[in-house]
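Engineer: First the structure, which I've put down as structure tokens, then a few questions once you've had a look.
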Amino acid sequence: MYKVQLEQFEGPLDLLLYFIKRDELDIYDIPISQITADYMETIQTSKEVNIGTAGEFIHMAATLMRIKSKMLLPLSSHDEEDDIEDPRLPLVRQLLDYKRYKEAAQSLDSMAENRSHYFTRGNIKDISSVEEEAAVFVRNVSLFDIATYFKTAMDNKPVISRYELHREPMSIDDQKAKLLAFVDGDGILRFSSLIERLRDKVEIVITFLAILDLIREEKILLIQNELFGEIEIQLISEKN
Amino acid sequence: MSIVEQEELFIIEALLFASPHPLTQKHVNQIFENDPPKLASVIEKLKEKYNSENHAFEIQTIAGGYQLNSRPEYDIWIRRLLNKSGKLYLSTAALESLAVIAYKQPANRFEIESIRGVDCSGVLKTLLNKNLICIKGRDEGPGRPLLYGTTDDFLEAFGLGKISEIPKLKEIADLTDDEELPNEMQVDIFSEGAVPEGD
């Protein structure tokens, strides 16, 4: 049997109409259990499910199931014959409505096809429009006006302040080497004497980073013997 | 025909020739400073003239105006010249949504979606971009959804003089099958006042 693929349908209503046409069903008397079975099989076997339309197909599945179950229920005895609405009716209305617009869409398409045989003079390239607009724009405007507008525009121009960025002449690696060179014969450098040699904020920052890096590399130790006391940088000798 | 009438005929013919959009009485009123000619009657005379002289073009009533169109039997030659077909290609989803809007306008997204049973937001965007539909305002009720209607470009794309010229849904149903529709569905949607009039 011909395999039905979900992607070729515009939605659940389109799929149901397809079953009705294929099996020559009476739209006013849809065999609900047959069509529900066909519908469920199609959505279950479809390999690719578009996330956007999956919900709509599942919603219809639930609707079909509900109609099917309602039709299985026996009618309660006190229900008047006239009051009972066929549970399929809302779906039938929806299907007929959709069918009408589907057909209207097809007739629009054939109208577009008919129309395509007529060519209008809408293909003229408007080469003159740019100059004309400019002409309209400067109408009744004197040179003085333009000069005035120009001056106002220039005066009101937003001020852009300049910040110059310099590349810092020192690197952490340079500072590390320098720091190690400051260390005296005992392998000790006092923090206060190091700071005295630093020139500006940037150098202080880089030196601190260099110290942290040296600690990480286990090349130096920081020693503080008492609270608020002098911090000493001690070289870890390679012999140890 | 008086000399004045003769001159008006030529002016209107020139306007038709140069106008990129269907020529309307409104355009004519703007162009003539005083005493604008009645476009419809001048067009009638022009049509008679073209019929008797046999031309490769004809005047059509499109989107509430008049437009010069090449006759359909020569489209094959023009296609070769322009290297394109004049056909507007739309997906089934776009055509269906457009059909709902054309018949139910002004329609909001939820009305369109409830008829088609699927989400239509992407399709509406496409139709708006192609200028086949436009936003007509906002609906009353929850969320005040946008209302959509068809444009003059829609009329032009489908060769319609005005929106009420689209075939009635009932007529389409009659053509496609002989199913008897329930009475409530045969309501003529183009009864008086149901459709906005064009210019």
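Ordered as shown in the structure tokens, chains take letters A, B, and onward, while each chain numbers its residues from 1 and ligands are numbered from 1 in the order shown.
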List the spatial neighbours of segment 109-112 of chain B as number ranges by chain - criterion: any atom at most 10 Å away, only C-alpha atoms, same-chain residues fewer than 4 positions off excluded.
Structural biologist: A: 98; B: 96-101, 104, 116-121, 124, 145-148
Engineer: Write out the residues from the selection above, keeping C-alpha atoms, as a CSV table (one decimal), in the first residue's frame.
Structural biologist:
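Done, and the output landed in result-v2.csv:
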```
chain,number,residue,atom,x,y,z
A,98,TYR,CA,-11.0,23.7,6.0
B,96,GLU,CA,-4.4,28.6,2.2
B,97,SER,CA,-3.7,31.4,4.7
B,98,LEU,CA,-4.2,34.0,2.0
B,99,ALA,CA,-7.5,32.4,1.0
B,100,VAL,CA,-8.8,32.6,4.6
B,101,ILE,CA,-7.7,36.2,4.9
B,104,LYS,CA,-12.8,36.5,6.2
B,116,ARG,CA,-6.2,25.5,9.0
B,117,GLY,CA,-5.5,23.6,12.2
B,118,VAL,CA,-1.8,24.6,12.2
B,119,ASP,CA,0.4,27.4,13.3
B,120,CYS,CA,0.5,30.2,10.7
B,121,SER,CA,2.8,32.9,12.2
B,124,LEU,CA,1.8,35.5,7.8
B,145,PRO,CA,-4.6,40.4,18.2
B,146,LEU,CA,-3.6,42.1,14.9
B,147,LEU,CA,-6.1,42.0,12.1
B,148,TYR,CA,-5.0,41.2,8.6
```
Engineer: Chain A residues within 9 Å of chain B, counting only C-alpha atoms: which ones, as a VMD selection string?
Structural biologist: chain A and resid 10 to 14 52 to 53 56 to 57 60 94 to 98 100 to 124
Engineer: For the residues selected in the previous step, produce a file with N, CA and C atoms as a short mmCIF file (atom, residue, chain, number, x, y, z; two decimals), in the first residue's frame.
Structural biologist:
```cif
data_model
loop_
_atom_site.label_atom_id
_atom_site.label_comp_id
_atom_site.auth_asym_id
_atom_site.auth_seq_id
_atom_site.Cartn_x
_atom_site.Cartn_y
_atom_site.Cartn_z
N GLU A 10 -0.50 19.54 5.00
CA GLU A 10 -0.46 20.87 5.59
C GLU A 10 -0.78 20.85 7.08
N GLY A 11 -1.32 19.73 7.56
CA GLY A 11 -1.68 19.66 8.97
C GLY A 11 -2.62 18.48 9.18
N PRO A 12 -3.08 18.28 10.41
CA PRO A 12 -3.94 17.13 10.71
C PRO A 12 -5.24 17.12 9.90
N LEU A 13 -5.82 18.31 9.66
CA LEU A 13 -7.07 18.36 8.91
C LEU A 13 -6.85 17.90 7.47
N ASP A 14 -5.72 18.32 6.92
CA ASP A 14 -5.37 17.94 5.55
C ASP A 14 -5.22 16.42 5.45
N GLY A 52 7.42 21.72 15.21
CA GLY A 52 6.39 22.76 15.10
C GLY A 52 5.01 22.19 14.87
N THR A 53 4.90 21.10 14.12
CA THR A 53 3.57 20.59 13.78
C THR A 53 3.20 19.35 14.59
N GLU A 56 0.26 19.73 16.93
CA GLU A 56 -1.04 19.81 16.25
C GLU A 56 -1.54 18.43 15.83
N PHE A 57 -0.62 17.57 15.38
CA PHE A 57 -1.02 16.22 14.99
C PHE A 57 -1.45 15.40 16.22
N MET A 60 -4.90 16.45 17.44
CA MET A 60 -5.98 15.84 16.66
C MET A 60 -6.17 14.38 17.04
N GLN A 94 -15.37 21.47 11.16
CA GLN A 94 -14.01 21.96 10.99
C GLN A 94 -13.42 21.46 9.65
N LEU A 95 -13.68 20.21 9.35
CA LEU A 95 -13.18 19.63 8.11
C LEU A 95 -13.80 20.30 6.89
N LEU A 96 -15.13 20.53 6.95
CA LEU A 96 -15.80 21.18 5.82
C LEU A 96 -15.27 22.59 5.62
N ASP A 97 -15.07 23.29 6.74
CA ASP A 97 -14.58 24.65 6.69
C ASP A 97 -13.20 24.68 6.05
N TYR A 98 -12.35 23.78 6.55
CA TYR A 98 -10.99 23.74 6.01
C TYR A 98 -11.01 23.38 4.52
N ARG A 100 -13.28 23.98 2.31
CA ARG A 100 -13.69 25.10 1.48
C ARG A 100 -12.52 26.05 1.22
N TYR A 101 -11.73 26.31 2.29
CA TYR A 101 -10.62 27.25 2.11
C TYR A 101 -9.47 26.63 1.33
N LYS A 102 -9.33 25.33 1.46
CA LYS A 102 -8.31 24.62 0.68
C LYS A 102 -8.64 24.74 -0.81
N GLU A 103 -9.93 24.59 -1.10
CA GLU A 103 -10.37 24.73 -2.49
C GLU A 103 -10.23 26.18 -2.96
N ALA A 104 -10.53 27.11 -2.04
CA ALA A 104 -10.37 28.53 -2.38
C ALA A 104 -8.91 28.84 -2.69
N ALA A 105 -8.00 28.20 -1.92
CA ALA A 105 -6.57 28.40 -2.15
C ALA A 105 -6.19 27.91 -3.54
N GLN A 106 -6.77 26.76 -3.93
CA GLN A 106 -6.49 26.24 -5.26
C GLN A 106 -7.02 27.17 -6.34
N SER A 107 -8.18 27.77 -6.10
CA SER A 107 -8.70 28.66 -7.12
C SER A 107 -7.88 29.95 -7.19
N LEU A 108 -7.34 30.38 -6.03
CA LEU A 108 -6.44 31.54 -6.05
C LEU A 108 -5.21 31.22 -6.89
N ASP A 109 -4.72 30.01 -6.74
CA ASP A 109 -3.53 29.60 -7.49
C ASP A 109 -3.81 29.63 -8.99
N SER A 110 -5.01 29.16 -9.39
CA SER A 110 -5.29 29.18 -10.82
C SER A 110 -5.51 30.61 -11.32
N MET A 111 -6.00 31.48 -10.41
CA MET A 111 -6.13 32.89 -10.80
C MET A 111 -4.75 33.51 -11.02
N ALA A 112 -3.80 33.14 -10.16
CA ALA A 112 -2.43 33.65 -10.31
C ALA A 112 -1.85 33.14 -11.63
N GLU A 113 -2.20 31.90 -11.95
CA GLU A 113 -1.72 31.30 -13.20
C GLU A 113 -2.28 32.07 -14.41
N ASN A 114 -3.59 32.35 -14.38
CA ASN A 114 -4.20 33.13 -15.47
C ASN A 114 -3.53 34.50 -15.59
N ARG A 115 -3.33 35.11 -14.44
CA ARG A 115 -2.77 36.45 -14.40
C ARG A 115 -1.35 36.47 -14.99
N SER A 116 -0.64 35.35 -14.82
CA SER A 116 0.76 35.32 -15.23
C SER A 116 0.93 35.46 -16.74
N HIS A 117 -0.16 35.32 -17.50
CA HIS A 117 -0.05 35.47 -18.95
C HIS A 117 -0.12 36.93 -19.39
N TYR A 118 -0.47 37.79 -18.44
CA TYR A 118 -0.55 39.22 -18.75
C TYR A 118 0.68 39.91 -18.17
N PHE A 119 1.28 40.73 -18.97
CA PHE A 119 2.40 41.51 -18.46
C PHE A 119 2.02 42.98 -18.45
N THR A 120 2.34 43.65 -17.34
CA THR A 120 1.98 45.05 -17.25
C THR A 120 3.22 45.89 -17.48
N ARG A 121 2.97 47.20 -17.53
CA ARG A 121 4.13 48.07 -17.70
C ARG A 121 4.68 48.45 -16.34
N GLY A 122 4.79 47.50 -15.44
CA GLY A 122 5.31 47.80 -14.11
C GLY A 122 6.81 47.59 -14.01
N ASN A 123 7.40 47.25 -15.14
CA ASN A 123 8.81 46.88 -15.10
C ASN A 123 9.76 48.04 -15.40
N ILE A 124 9.19 49.25 -15.43
CA ILE A 124 10.01 50.41 -15.78
C ILE A 124 11.00 50.69 -14.65
#
```
Engineer: Please identify which residues in segment 143-194 of chain A DSSP calls alpha helix (DSSP H) from the backbone, and express them as a ChimeraX atom specification.
Structural biologist: /A:143-155,172-182,191-194
Engineer: Quick one: write out the picked residues with N, CA and C atoms as an mmCIF file, in the first residue's frame?
Structural biologist:
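In the end it all went to out_17.cif:
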```
data_model
loop_
_atom_site.group_PDB
_atom_site.id
_atom_site.type_symbol
_atom_site.label_atom_id
_atom_site.label_comp_id
_atom_site.auth_asym_id
_atom_site.auth_seq_id
_atom_site.Cartn_x
_atom_site.Cartn_y
_atom_site.Cartn_z
ATOM 1 N N LEU A 143 21.735 79.294 -0.908
ATOM 2 C CA LEU A 143 23.064 78.838 -0.506
ATOM 3 C C LEU A 143 23.336 79.207 0.942
ATOM 4 N N PHE A 144 22.824 80.404 1.321
ATOM 5 C CA PHE A 144 22.996 80.873 2.691
ATOM 6 C C PHE A 144 22.345 79.902 3.688
ATOM 7 N N ASP A 145 21.121 79.435 3.325
ATOM 8 C CA ASP A 145 20.422 78.483 4.192
ATOM 9 C C ASP A 145 21.280 77.241 4.406
ATOM 10 N N ILE A 146 21.819 76.754 3.314
ATOM 11 C CA ILE A 146 22.616 75.530 3.408
ATOM 12 C C ILE A 146 23.826 75.754 4.318
ATOM 13 N N ALA A 147 24.475 76.938 4.117
ATOM 14 C CA ALA A 147 25.654 77.257 4.926
ATOM 15 C C ALA A 147 25.283 77.336 6.405
ATOM 16 N N THR A 148 24.105 77.929 6.691
ATOM 17 C CA THR A 148 23.650 78.054 8.075
ATOM 18 C C THR A 148 23.421 76.670 8.691
ATOM 19 N N TYR A 149 22.716 75.835 7.903
ATOM 20 C CA TYR A 149 22.453 74.480 8.401
ATOM 21 C C TYR A 149 23.744 73.725 8.661
ATOM 22 N N PHE A 150 24.705 73.955 7.750
ATOM 23 C CA PHE A 150 25.972 73.259 7.899
ATOM 24 C C PHE A 150 26.665 73.675 9.187
ATOM 25 N N LYS A 151 26.649 75.002 9.458
ATOM 26 C CA LYS A 151 27.315 75.506 10.663
ATOM 27 C C LYS A 151 26.638 74.952 11.913
ATOM 28 N N THR A 152 25.292 74.972 11.919
ATOM 29 C CA THR A 152 24.550 74.446 13.073
ATOM 30 C C THR A 152 24.891 72.980 13.297
ATOM 31 N N ALA A 153 24.937 72.269 12.199
ATOM 32 C CA ALA A 153 25.233 70.842 12.305
ATOM 33 C C ALA A 153 26.620 70.627 12.883
ATOM 34 N N MET A 154 27.580 71.431 12.395
ATOM 35 C CA MET A 154 28.949 71.289 12.872
ATOM 36 C C MET A 154 29.069 71.678 14.343
ATOM 37 N N ASP A 155 28.345 72.734 14.732
ATOM 38 C CA ASP A 155 28.410 73.194 16.119
ATOM 39 C C ASP A 155 27.797 72.175 17.071
ATOM 40 N N ILE A 172 55.200 40.742 32.528
ATOM 41 C CA ILE A 172 55.368 40.015 33.784
ATOM 42 C C ILE A 172 56.708 39.281 33.798
ATOM 43 N N ASP A 173 57.053 38.718 32.641
ATOM 44 C CA ASP A 173 58.321 37.971 32.557
ATOM 45 C C ASP A 173 59.526 38.876 32.821
ATOM 46 N N ASP A 174 59.480 40.102 32.238
ATOM 47 C CA ASP A 174 60.579 41.066 32.467
ATOM 48 C C ASP A 174 60.690 41.374 33.950
ATOM 49 N N GLN A 175 59.518 41.608 34.563
ATOM 50 C CA GLN A 175 59.500 42.014 35.947
ATOM 51 C C GLN A 175 59.989 40.895 36.870
ATOM 52 N N LYS A 176 59.649 39.645 36.462
ATOM 53 C CA LYS A 176 60.117 38.498 37.245
ATOM 54 C C LYS A 176 61.647 38.447 37.254
ATOM 55 N N ALA A 177 62.228 38.649 36.073
ATOM 56 C CA ALA A 177 63.696 38.615 35.960
ATOM 57 C C ALA A 177 64.337 39.729 36.790
ATOM 58 N N LYS A 178 63.690 40.928 36.720
ATOM 59 C CA LYS A 178 64.191 42.081 37.441
ATOM 60 C C LYS A 178 64.147 41.835 38.955
ATOM 61 N N LEU A 179 62.991 41.248 39.364
ATOM 62 C CA LEU A 179 62.766 40.972 40.782
ATOM 63 C C LEU A 179 63.815 40.001 41.321
ATOM 64 N N LEU A 180 64.095 38.966 40.528
ATOM 65 C CA LEU A 180 65.097 37.987 40.947
ATOM 66 C C LEU A 180 66.481 38.617 41.018
ATOM 67 N N ALA A 181 66.729 39.604 40.164
ATOM 68 C CA ALA A 181 68.036 40.274 40.167
ATOM 69 C C ALA A 181 68.224 41.162 41.394
ATOM 70 N N PHE A 182 67.089 41.678 41.947
ATOM 71 C CA PHE A 182 67.163 42.525 43.138
ATOM 72 C C PHE A 182 67.551 41.743 44.386
ATOM 73 N N PHE A 191 60.412 43.532 51.168
ATOM 74 C CA PHE A 191 59.310 44.079 50.395
ATOM 75 C C PHE A 191 59.399 45.599 50.293
ATOM 76 N N SER A 192 59.769 46.254 51.433
ATOM 77 C CA SER A 192 59.852 47.720 51.451
ATOM 78 C C SER A 192 60.908 48.221 50.472
ATOM 79 N N SER A 193 62.014 47.501 50.362
ATOM 80 C CA SER A 193 63.041 47.968 49.435
ATOM 81 C C SER A 193 62.617 47.730 47.977
ATOM 82 N N LEU A 194 61.771 46.703 47.766
ATOM 83 C CA LEU A 194 61.288 46.451 46.412
ATOM 84 C C LEU A 194 60.358 47.581 45.972
#
```
Engineer: Given the choices A:Met40, A:Ile35, A:Met170, A:Gly185, which gets closest to Arg22 of chain A if the distance is worked out from only C-alpha atoms?
Structural biologist: A:Ile35
Engineer: One decimal, Å: what's the distance from atom CA of Gly122 of chain B over to atom CA of Cys134 of chain B, could you say?
Structural biologist: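 So the answer is 14.6 Å.
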Engineer: Rounded to one decimal place, report the atom CA of Tyr28 of chain A-atom CA of Phe9 of chain A distance in Å.
Structural biologist: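 Atom-to-atom, atom CA of Tyr28 of chain A to atom CA of Phe9 of chain A, that is 21.8 Å.
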Engineer: What lies within 7 Å of segment 36-49 of chain B using only C-alpha atoms, ignoring chain neighbours under 5 positions off, as a JSON list (two decimals) with C-alpha atoms, in the first residue's frame?
Structural biologist:
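As written to disk, selection_38.json reads:
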```json
[["chain", "number", "residue", "atom", "x", "y", "z"],
["B", 9, "LEU", "CA", -8.13, 60.67, -24.60],
["B", 25, "GLN", "CA", -9.76, 58.53, -10.87],
["B", 28, "VAL", "CA", -6.45, 61.81, -12.61],
["B", 29, "ASN", "CA", -8.00, 64.34, -10.20],
["B", 59, "ILE", "CA", -6.86, 47.78, -20.75]]
```
